[in-house]
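The structure appears below as structure tokens.
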Amino acid sequence: MERKLAWEKYSNEELNKVFDFANEYKKFVTECKTERECAKYAVELAKANGFVDINELIANKTQLKPNDKVYVMNMDKTVAFYVIGTEAIENGLNIIGAHIDSPRLDLKQNPLYEDSDLALLETHYYGGVKKYQWVALPLALHGVVALKDGSVVNVVIGEDASDPVIGVSDLLIHLATEQLEKKGNKVVEGEDLNILVGNMPLSTADKDAKEKVKSNILAILKDKYGIEEEDFLSAELEAVPAGPARDYGIDRSMIMAYGHDDRVCAYPSFKAILSVNNPKKTCVCILADKEEIGSVGATGMQSRFFENATAEVMNAANQYSDLALRRALKNSSMLSADVSSAYDPNYPSVSEKKNAAYLGRGIVFLKYTGSRGKSGSNDANAEFVAKLRKMCDDNNVSFQTAELGKVDLGGGGTIAYMLANYGMNVIDCGVAVQNMHAPWEVISKVDLYEALNCYSTFFKED
């Protein structure tokens with residue numbers, strides 16, 4: 001069954017809403033290129049819309065009541081937003097979970113060195129990347145440096161028009177005969193993703209001093225940010241593509257940006273929770289970290305963060321018991337808001353066209369992900385899929401269903417199966433993306449808007 005283009009249902013006047021929301025999103029995805037930046041942006045906007053830090057309620061011993069709005073932050077990288085419903089929380093929550101980390105190049109703990117009068121930074125790539133895509137590309141540096149005095153310095157270099165950019169060099173075609181004979185995963189190796197950051201020596205250095213170019217970089221960092229070389233030990237600095245999100249296509253129907261995976265789902269899910277008022281069921285939006293490396297660690301969804309946060313919310317609402325928490329999680333419904341691979345006519349052999357996602361045909365439901373025999377998959381129940389079909393059809397939400405590539409070629413993982421471990425209904429539901437995991441990814445503006453419609457409608461479900 002072929003789905004129609006979502007564009008076709010909108011009048012010219014209605015299309016203005018599609019493009020206005022796209023402009024909002026472009027601002028977000030331009031300004032927020034790390035998980036910390038996304039979490040901070042979301043919290044600031046949530047506070048302006050009436051959300052309160054759960055720790056304030058705990059300190060003041062304030063009891064939550066229906067329609068109260070709270071958030072729980074975890075290490076400045078993962079955050080959950082709750083709008084309290086009129087029903088008991090143990091009857092279940094309506095949850096949308098997206099992730100706000102994206103593939104990138106992380107600086108090593110001892111990154112800075114000098115070689116052949118050049119200053120460079122060593123990196124360790126994060127997430128699944130084609131390493132050859134990250135060379136000869138303008139990069140920016142985002143992140144934080146934690147100092148021994150307890151202060152944290154925010155760093156952004158390469159985004160302002162007056163800023164310099166940095167990057168990883170590539171081998172010129174004239175000398176690349178041997179390089180081009182290598183397999184794609186060996187054309188550029190991980191240890192070769194070293195970022196060039198300087199060539200000018202420190203002017204005040206002694207003539208016989210060593211590593212004068214490196215010293216100059218350290219002097220600049222000291223002057224601008226007050227950091228020393230040793231401070232790299234407690235830094236989280238990420239090299240990402242420099243520059244803003246841009247309209248893509250002569251018709252401006254698409255957006256090219258870094259980090260669509262998964263901020264193109266995170267932003268509409270977060271905007272949807274901001275508009276929730278007086279829900280019957282408690283609604284939750286989770287913006288999670290570490291999905292690109294398996295959702296591990298204290299800020300990933302394999303941690304107890306969400307369970308603990310929900311326990312705190314239930315306790316503040318005077319509804320907590322261990323059994324009530326277990327029931328709440330089991331009785332919940334969740335959309336794992338993560339992207340899907342869009343069909344690309346340049347590479348048709350990897351997709352099965354009847355079960356592929358397409359740009360412009362609306363939100364994508366993946367009943368299962370996994371790989372080769374659905375290994376590692378959350379396979380959503382048919383009854384839950386039927387309920388979501390009805391929800392979309394009744395509310396004029398354009399949707400499509402898909403798999404991630406051909407049976408023995410594709411596959412992938414999201415946070416879906418982790419929440420499904422609680423026994424709740426979960427399905428992957430997100431936006432189709434071309435160039436996924438490349439430095440610059442592409443989405444359709446109408447799919448972004450259908451994601452907002454879908455997520456907003458889901459929060460209203462009983």
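In the structure tokens, the first chain shown is A, the next is B, and so on; residue numbers restart at 1 for each chain, and ligands run from 1 in the order shown.
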request  = Going by DSSP on the backbone, which bits of region 410-456 of chain A are alpha helix (DSSP H)? Write them as a list in words, please.
outcome  =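 Residues meeting the alpha helix (DSSP H) criterion: Ala416, Tyr417, Met418, Leu419, Ala420, Lys445, Val446, Asp447, Leu448, Tyr449, Glu450, Ala451, Leu452, Asn453, Cys454, Tyr455 and Ser456 of chain A.
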inquiry  = If we count only C-alpha atoms and set the cut-off at 10 Å, which residues sit around Met73 (chain A), ignoring sequence neighbours fewer than 6 positions away in its own chain? Please answer as an MDAnalysis selection string.
reply    = chainID A and resid 39:40 43 53:55 79:81 287 299 305 309
request  = Give me the residues within 10 Å of region 75-78 of chain A as a PyMOL selection string, counting only C-alpha atoms and dropping any in the same chain fewer than 6 places off.
outcome  = chain A and resi 34-40+43+99-101+286-290+298-301+305-306
Store the residues picked out above, limited to C-alpha atoms, as a PDB file, in the first residue's frame.
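selection_23.pdb was written with the following content:
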ATOM      1  CA  THR A  34      25.711  18.484  21.866  1.00  0.00           C
ATOM      2  CA  GLU A  35      23.546  16.632  24.376  1.00  0.00           C
ATOM      3  CA  ARG A  36      24.343  19.244  27.032  1.00  0.00           C
ATOM      4  CA  GLU A  37      23.297  22.100  24.767  1.00  0.00           C
ATOM      5  CA  CYS A  38      20.042  20.324  23.889  1.00  0.00           C
ATOM      6  CA  ALA A  39      19.193  19.591  27.518  1.00  0.00           C
ATOM      7  CA  LYS A  40      19.937  23.162  28.607  1.00  0.00           C
ATOM      8  CA  VAL A  43      15.003  23.116  30.292  1.00  0.00           C
ATOM      9  CA  HIS A  99      17.841  10.897  22.150  1.00  0.00           C
ATOM     10  CA  ILE A 100      19.881  14.070  21.883  1.00  0.00           C
ATOM     11  CA  ASP A 101      23.372  12.669  21.267  1.00  0.00           C
ATOM     12  CA  ILE A 286      12.407  11.886  27.725  1.00  0.00           C
ATOM     13  CA  LEU A 287      15.460  13.407  26.044  1.00  0.00           C
ATOM     14  CA  ALA A 288      18.208  10.827  26.513  1.00  0.00           C
ATOM     15  CA  ASP A 289      21.948  10.588  26.021  1.00  0.00           C
ATOM     16  CA  LYS A 290      24.285   7.808  24.825  1.00  0.00           C
ATOM     17  CA  ALA A 298      24.667   6.864  33.875  1.00  0.00           C
ATOM     18  CA  THR A 299      22.985   9.113  31.293  1.00  0.00           C
ATOM     19  CA  GLY A 300      21.861   6.349  28.910  1.00  0.00           C
ATOM     20  CA  MET A 301      18.481   4.653  28.941  1.00  0.00           C
ATOM     21  CA  PHE A 305      17.378   7.213  35.556  1.00  0.00           C
ATOM     22  CA  PHE A 306      13.855   7.049  34.156  1.00  0.00           C
TER      23      PHE A 306
END
request  = Find the residues around region 28-31 of chain A up to 8 Å (only C-alpha atoms counted), leave out those fewer than 3 positions away in its own chain, and share them as a list in words.
outcome  =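 So, after excluding close chain neighbours, the residues are Glu24, Tyr25, Glu37, Gly243, Pro244, Ala245, Ala257, Tyr258, Gly259, His260, Arg263 and Tyr267 of chain A.
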Grab the residues selected above and save them as a PDB file, in the first residue's frame with N, CA, C and O atoms.
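part.pdb written:
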ATOM      1  N   GLU A  24      11.648  27.189  13.252  1.00  0.00           N
ATOM      2  CA  GLU A  24      11.891  26.995  14.688  1.00  0.00           C
ATOM      3  C   GLU A  24      12.917  25.885  14.908  1.00  0.00           C
ATOM      4  O   GLU A  24      13.862  26.025  15.681  1.00  0.00           O
ATOM      5  N   TYR A  25      12.680  24.784  14.239  1.00  0.00           N
ATOM      6  CA  TYR A  25      13.555  23.629  14.407  1.00  0.00           C
ATOM      7  C   TYR A  25      14.971  23.921  13.918  1.00  0.00           C
ATOM      8  O   TYR A  25      15.950  23.513  14.553  1.00  0.00           O
ATOM      9  N   GLU A  37      23.951  20.914  25.326  1.00  0.00           N
ATOM     10  CA  GLU A  37      23.297  22.100  24.767  1.00  0.00           C
ATOM     11  C   GLU A  37      21.809  21.852  24.551  1.00  0.00           C
ATOM     12  O   GLU A  37      20.972  22.732  24.805  1.00  0.00           O
ATOM     13  N   GLY A 243      28.636  25.338  11.272  1.00  0.00           N
ATOM     14  CA  GLY A 243      27.690  26.050  10.438  1.00  0.00           C
ATOM     15  C   GLY A 243      26.246  25.729  10.749  1.00  0.00           C
ATOM     16  O   GLY A 243      25.942  24.765  11.450  1.00  0.00           O
ATOM     17  N   PRO A 244      25.341  26.537  10.205  1.00  0.00           N
ATOM     18  CA  PRO A 244      23.918  26.413  10.533  1.00  0.00           C
ATOM     19  C   PRO A 244      23.193  25.378   9.691  1.00  0.00           C
ATOM     20  O   PRO A 244      23.671  24.956   8.631  1.00  0.00           O
ATOM     21  N   ALA A 245      22.028  24.985  10.175  1.00  0.00           N
ATOM     22  CA  ALA A 245      21.097  24.210   9.348  1.00  0.00           C
ATOM     23  C   ALA A 245      20.664  25.071   8.180  1.00  0.00           C
ATOM     24  O   ALA A 245      20.514  26.288   8.312  1.00  0.00           O
ATOM     25  N   ALA A 257      21.106  19.467   7.948  1.00  0.00           N
ATOM     26  CA  ALA A 257      21.665  19.858   9.238  1.00  0.00           C
ATOM     27  C   ALA A 257      22.504  18.738   9.806  1.00  0.00           C
ATOM     28  O   ALA A 257      22.365  17.568   9.424  1.00  0.00           O
ATOM     29  N   TYR A 258      23.366  19.093  10.743  1.00  0.00           N
ATOM     30  CA  TYR A 258      24.045  18.091  11.566  1.00  0.00           C
ATOM     31  C   TYR A 258      23.108  17.684  12.701  1.00  0.00           C
ATOM     32  O   TYR A 258      22.481  18.525  13.336  1.00  0.00           O
ATOM     33  N   GLY A 259      23.015  16.378  12.963  1.00  0.00           N
ATOM     34  CA  GLY A 259      22.319  15.905  14.154  1.00  0.00           C
ATOM     35  C   GLY A 259      20.830  15.699  14.021  1.00  0.00           C
ATOM     36  O   GLY A 259      20.139  15.610  15.038  1.00  0.00           O
ATOM     37  N   HIS A 260      20.292  15.621  12.788  1.00  0.00           N
ATOM     38  CA  HIS A 260      18.873  15.248  12.662  1.00  0.00           C
ATOM     39  C   HIS A 260      18.588  13.972  13.463  1.00  0.00           C
ATOM     40  O   HIS A 260      17.522  13.839  14.066  1.00  0.00           O
ATOM     41  N   ARG A 263      17.673  14.637  16.806  1.00  0.00           N
ATOM     42  CA  ARG A 263      17.059  15.891  17.263  1.00  0.00           C
ATOM     43  C   ARG A 263      15.824  16.251  16.467  1.00  0.00           C
ATOM     44  O   ARG A 263      14.978  17.016  16.930  1.00  0.00           O
ATOM     45  N   TYR A 267      13.029  17.420  19.109  1.00  0.00           N
ATOM     46  CA  TYR A 267      12.419  18.751  19.161  1.00  0.00           C
ATOM     47  C   TYR A 267      10.894  18.708  19.093  1.00  0.00           C
ATOM     48  O   TYR A 267      10.219  19.304  19.939  1.00  0.00           O
TER      49      TYR A 267
END
request  = Return the single residue from A:Ser336, A:Lys33, A:Asn91, A:Asp231 that is closest to Lys108 (chain A), with distances computed using only C-alpha atoms.
outcome  =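 Using only C-alpha atoms, Lys108 (chain A) sits closest to A:Asp231.
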ask   = Could you state the separation of CA of Ala6 (chain A) and CA of Gly430 (chain A) in Å, given to one decimal place?
value =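 So the two atoms, CA of Ala6 (chain A) and CA of Gly430 (chain A), lie 14.7 Å apart.
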query = Looking only at the backbone, which of the residues in region 292-389 of chain A does DSSP tag as strand (DSSP E or B), as a list in words?
reply =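 For region 292-389 of chain A, the strand (DSSP E or B) set is Ser333, Met334, Leu335, Ser336, Ser340, Ser341, Ala342, Ala357, Ile363, Val364, Phe365, Leu366, Gly370, Ser371 and Ser375 of chain A.
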Output file for the residues above (all heavy atoms, as a short mmCIF file (atom, residue, chain, number, x, y, z; two decimals), in the first residue's frame):
data_model
loop_
_atom_site.label_atom_id
_atom_site.label_comp_id
_atom_site.auth_asym_id
_atom_site.auth_seq_id
_atom_site.Cartn_x
_atom_site.Cartn_y
_atom_site.Cartn_z
N SER A 333 2.31 3.36 27.73
CA SER A 333 2.50 3.25 26.28
C SER A 333 3.59 4.22 25.88
O SER A 333 3.66 5.34 26.40
CB SER A 333 1.21 3.59 25.54
OG SER A 333 0.18 2.68 25.85
N MET A 334 4.43 3.78 24.94
CA MET A 334 5.57 4.63 24.58
C MET A 334 5.81 4.67 23.08
O MET A 334 5.73 3.65 22.40
CB MET A 334 6.85 4.13 25.26
CG MET A 334 8.05 5.02 24.95
SD MET A 334 9.61 4.25 25.32
CE MET A 334 10.74 5.57 24.83
N LEU A 335 6.13 5.87 22.60
CA LEU A 335 6.69 6.05 21.27
C LEU A 335 8.18 6.27 21.42
O LEU A 335 8.61 7.25 22.05
CB LEU A 335 6.06 7.25 20.55
CG LEU A 335 4.55 7.22 20.33
CD1 LEU A 335 4.11 8.46 19.56
CD2 LEU A 335 4.12 5.95 19.60
N SER A 336 8.97 5.34 20.91
CA SER A 336 10.42 5.53 20.86
C SER A 336 10.69 6.41 19.64
O SER A 336 10.69 5.94 18.50
CB SER A 336 11.12 4.18 20.72
OG SER A 336 12.50 4.36 20.47
N SER A 340 14.27 7.03 10.99
CA SER A 340 14.35 5.88 10.10
C SER A 340 15.11 6.29 8.85
O SER A 340 15.18 7.48 8.50
CB SER A 340 12.95 5.40 9.72
OG SER A 340 13.01 4.26 8.90
N SER A 341 15.68 5.32 8.17
CA SER A 341 16.42 5.59 6.94
C SER A 341 15.46 5.82 5.79
O SER A 341 14.59 4.99 5.51
CB SER A 341 17.35 4.42 6.62
OG SER A 341 17.97 4.60 5.37
N ALA A 342 15.60 6.95 5.12
CA ALA A 342 14.74 7.26 3.97
C ALA A 342 15.24 6.57 2.71
O ALA A 342 16.45 6.50 2.46
CB ALA A 342 14.68 8.77 3.75
N ALA A 357 10.86 3.60 4.06
CA ALA A 357 10.35 4.93 4.42
C ALA A 357 10.75 5.93 3.34
O ALA A 357 11.82 5.81 2.74
CB ALA A 357 10.93 5.36 5.77
N ILE A 363 5.18 10.65 9.31
CA ILE A 363 5.88 9.96 10.38
C ILE A 363 6.02 8.48 10.04
O ILE A 363 5.17 7.91 9.35
CB ILE A 363 5.13 10.15 11.72
CG1 ILE A 363 6.00 9.78 12.92
CG2 ILE A 363 3.83 9.39 11.75
CD1 ILE A 363 6.94 10.85 13.34
N VAL A 364 7.10 7.86 10.51
CA VAL A 364 7.39 6.46 10.19
C VAL A 364 7.23 5.60 11.44
O VAL A 364 7.86 5.86 12.46
CB VAL A 364 8.82 6.29 9.64
CG1 VAL A 364 9.06 4.84 9.21
CG2 VAL A 364 9.07 7.24 8.47
N PHE A 365 6.42 4.55 11.34
CA PHE A 365 6.34 3.54 12.39
C PHE A 365 7.16 2.32 11.96
O PHE A 365 6.98 1.80 10.87
CB PHE A 365 4.89 3.10 12.62
CG PHE A 365 4.03 4.12 13.31
CD1 PHE A 365 3.09 4.85 12.59
CD2 PHE A 365 4.16 4.36 14.67
CE1 PHE A 365 2.30 5.80 13.21
CE2 PHE A 365 3.37 5.30 15.31
CZ PHE A 365 2.44 6.03 14.58
N LEU A 366 8.07 1.90 12.85
CA LEU A 366 8.81 0.66 12.64
C LEU A 366 8.33 -0.34 13.69
O LEU A 366 8.66 -0.20 14.87
CB LEU A 366 10.32 0.87 12.77
CG LEU A 366 11.01 1.51 11.56
CD1 LEU A 366 10.92 3.02 11.61
CD2 LEU A 366 12.48 1.09 11.51
N GLY A 370 16.06 -4.17 15.04
CA GLY A 370 16.92 -5.34 15.09
C GLY A 370 17.63 -5.58 13.78
O GLY A 370 17.69 -4.72 12.91
N SER A 371 18.20 -6.77 13.63
CA SER A 371 18.90 -7.12 12.40
C SER A 371 18.88 -8.63 12.21
O SER A 371 18.88 -9.39 13.19
CB SER A 371 20.36 -6.63 12.44
OG SER A 371 21.05 -7.19 13.52
N SER A 375 16.95 -9.84 15.40
CA SER A 375 17.79 -9.95 16.59
C SER A 375 17.95 -8.60 17.27
O SER A 375 18.28 -7.60 16.63
CB SER A 375 19.17 -10.51 16.21
OG SER A 375 20.02 -10.57 17.33
#
task = Report the distance between CA of Glu56 (chain A) and CA of Ile89 (chain A) in Å, rounded to one decimal place.
result =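 Interatomic distance, CA of Glu56 (chain A) to CA of Ile89 (chain A): 20.7 Å.
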Could you pull the residues within 8 Å of Tyr125 (chain A), counting only C-alpha atoms, minus those fewer than 6 positions along the same chain, as a compact mmCIF listing (two decimals) with N, CA, C and O atoms, in the first residue's frame?
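And here is the file that came out, around_18.txt:
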# COMPACT_ATOMS: atom_id res chain seq x y z
N PRO A 103 26.38 11.21 16.33
CA PRO A 103 27.76 10.85 15.98
C PRO A 103 28.64 12.09 15.85
O PRO A 103 28.19 13.14 15.39
N ARG A 104 29.90 11.94 16.23
CA ARG A 104 30.81 13.09 16.28
C ARG A 104 32.23 12.60 16.51
O ARG A 104 32.48 11.40 16.58
N LEU A 105 33.16 13.54 16.67
CA LEU A 105 34.53 13.23 17.06
C LEU A 105 34.78 13.82 18.45
O LEU A 105 34.72 15.04 18.63
N ASP A 106 35.03 12.97 19.43
CA ASP A 106 35.36 13.43 20.78
C ASP A 106 36.87 13.60 20.90
O ASP A 106 37.65 12.78 20.40
N GLY A 190 40.58 5.32 12.37
CA GLY A 190 40.22 6.11 13.54
C GLY A 190 41.36 6.93 14.10
O GLY A 190 41.18 8.10 14.48
query = Near region 131-135 of chain A, within 8 Å and counting only C-alpha atoms, which residues show up once chain neighbours fewer than 3 positions away are dropped, as JSON, numbers by chain?
reply = {"A": [167, 168, 169, 170, 184, 185, 187, 188, 189, 190, 193, 438, 439]}
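Ranking A:Leu274, A:Leu171, A:Ala161, A:Leu112 by their shortest atom-to-atom distance to Asn194 (chain A), with only C-alpha atoms included, puts A:Leu112 first.
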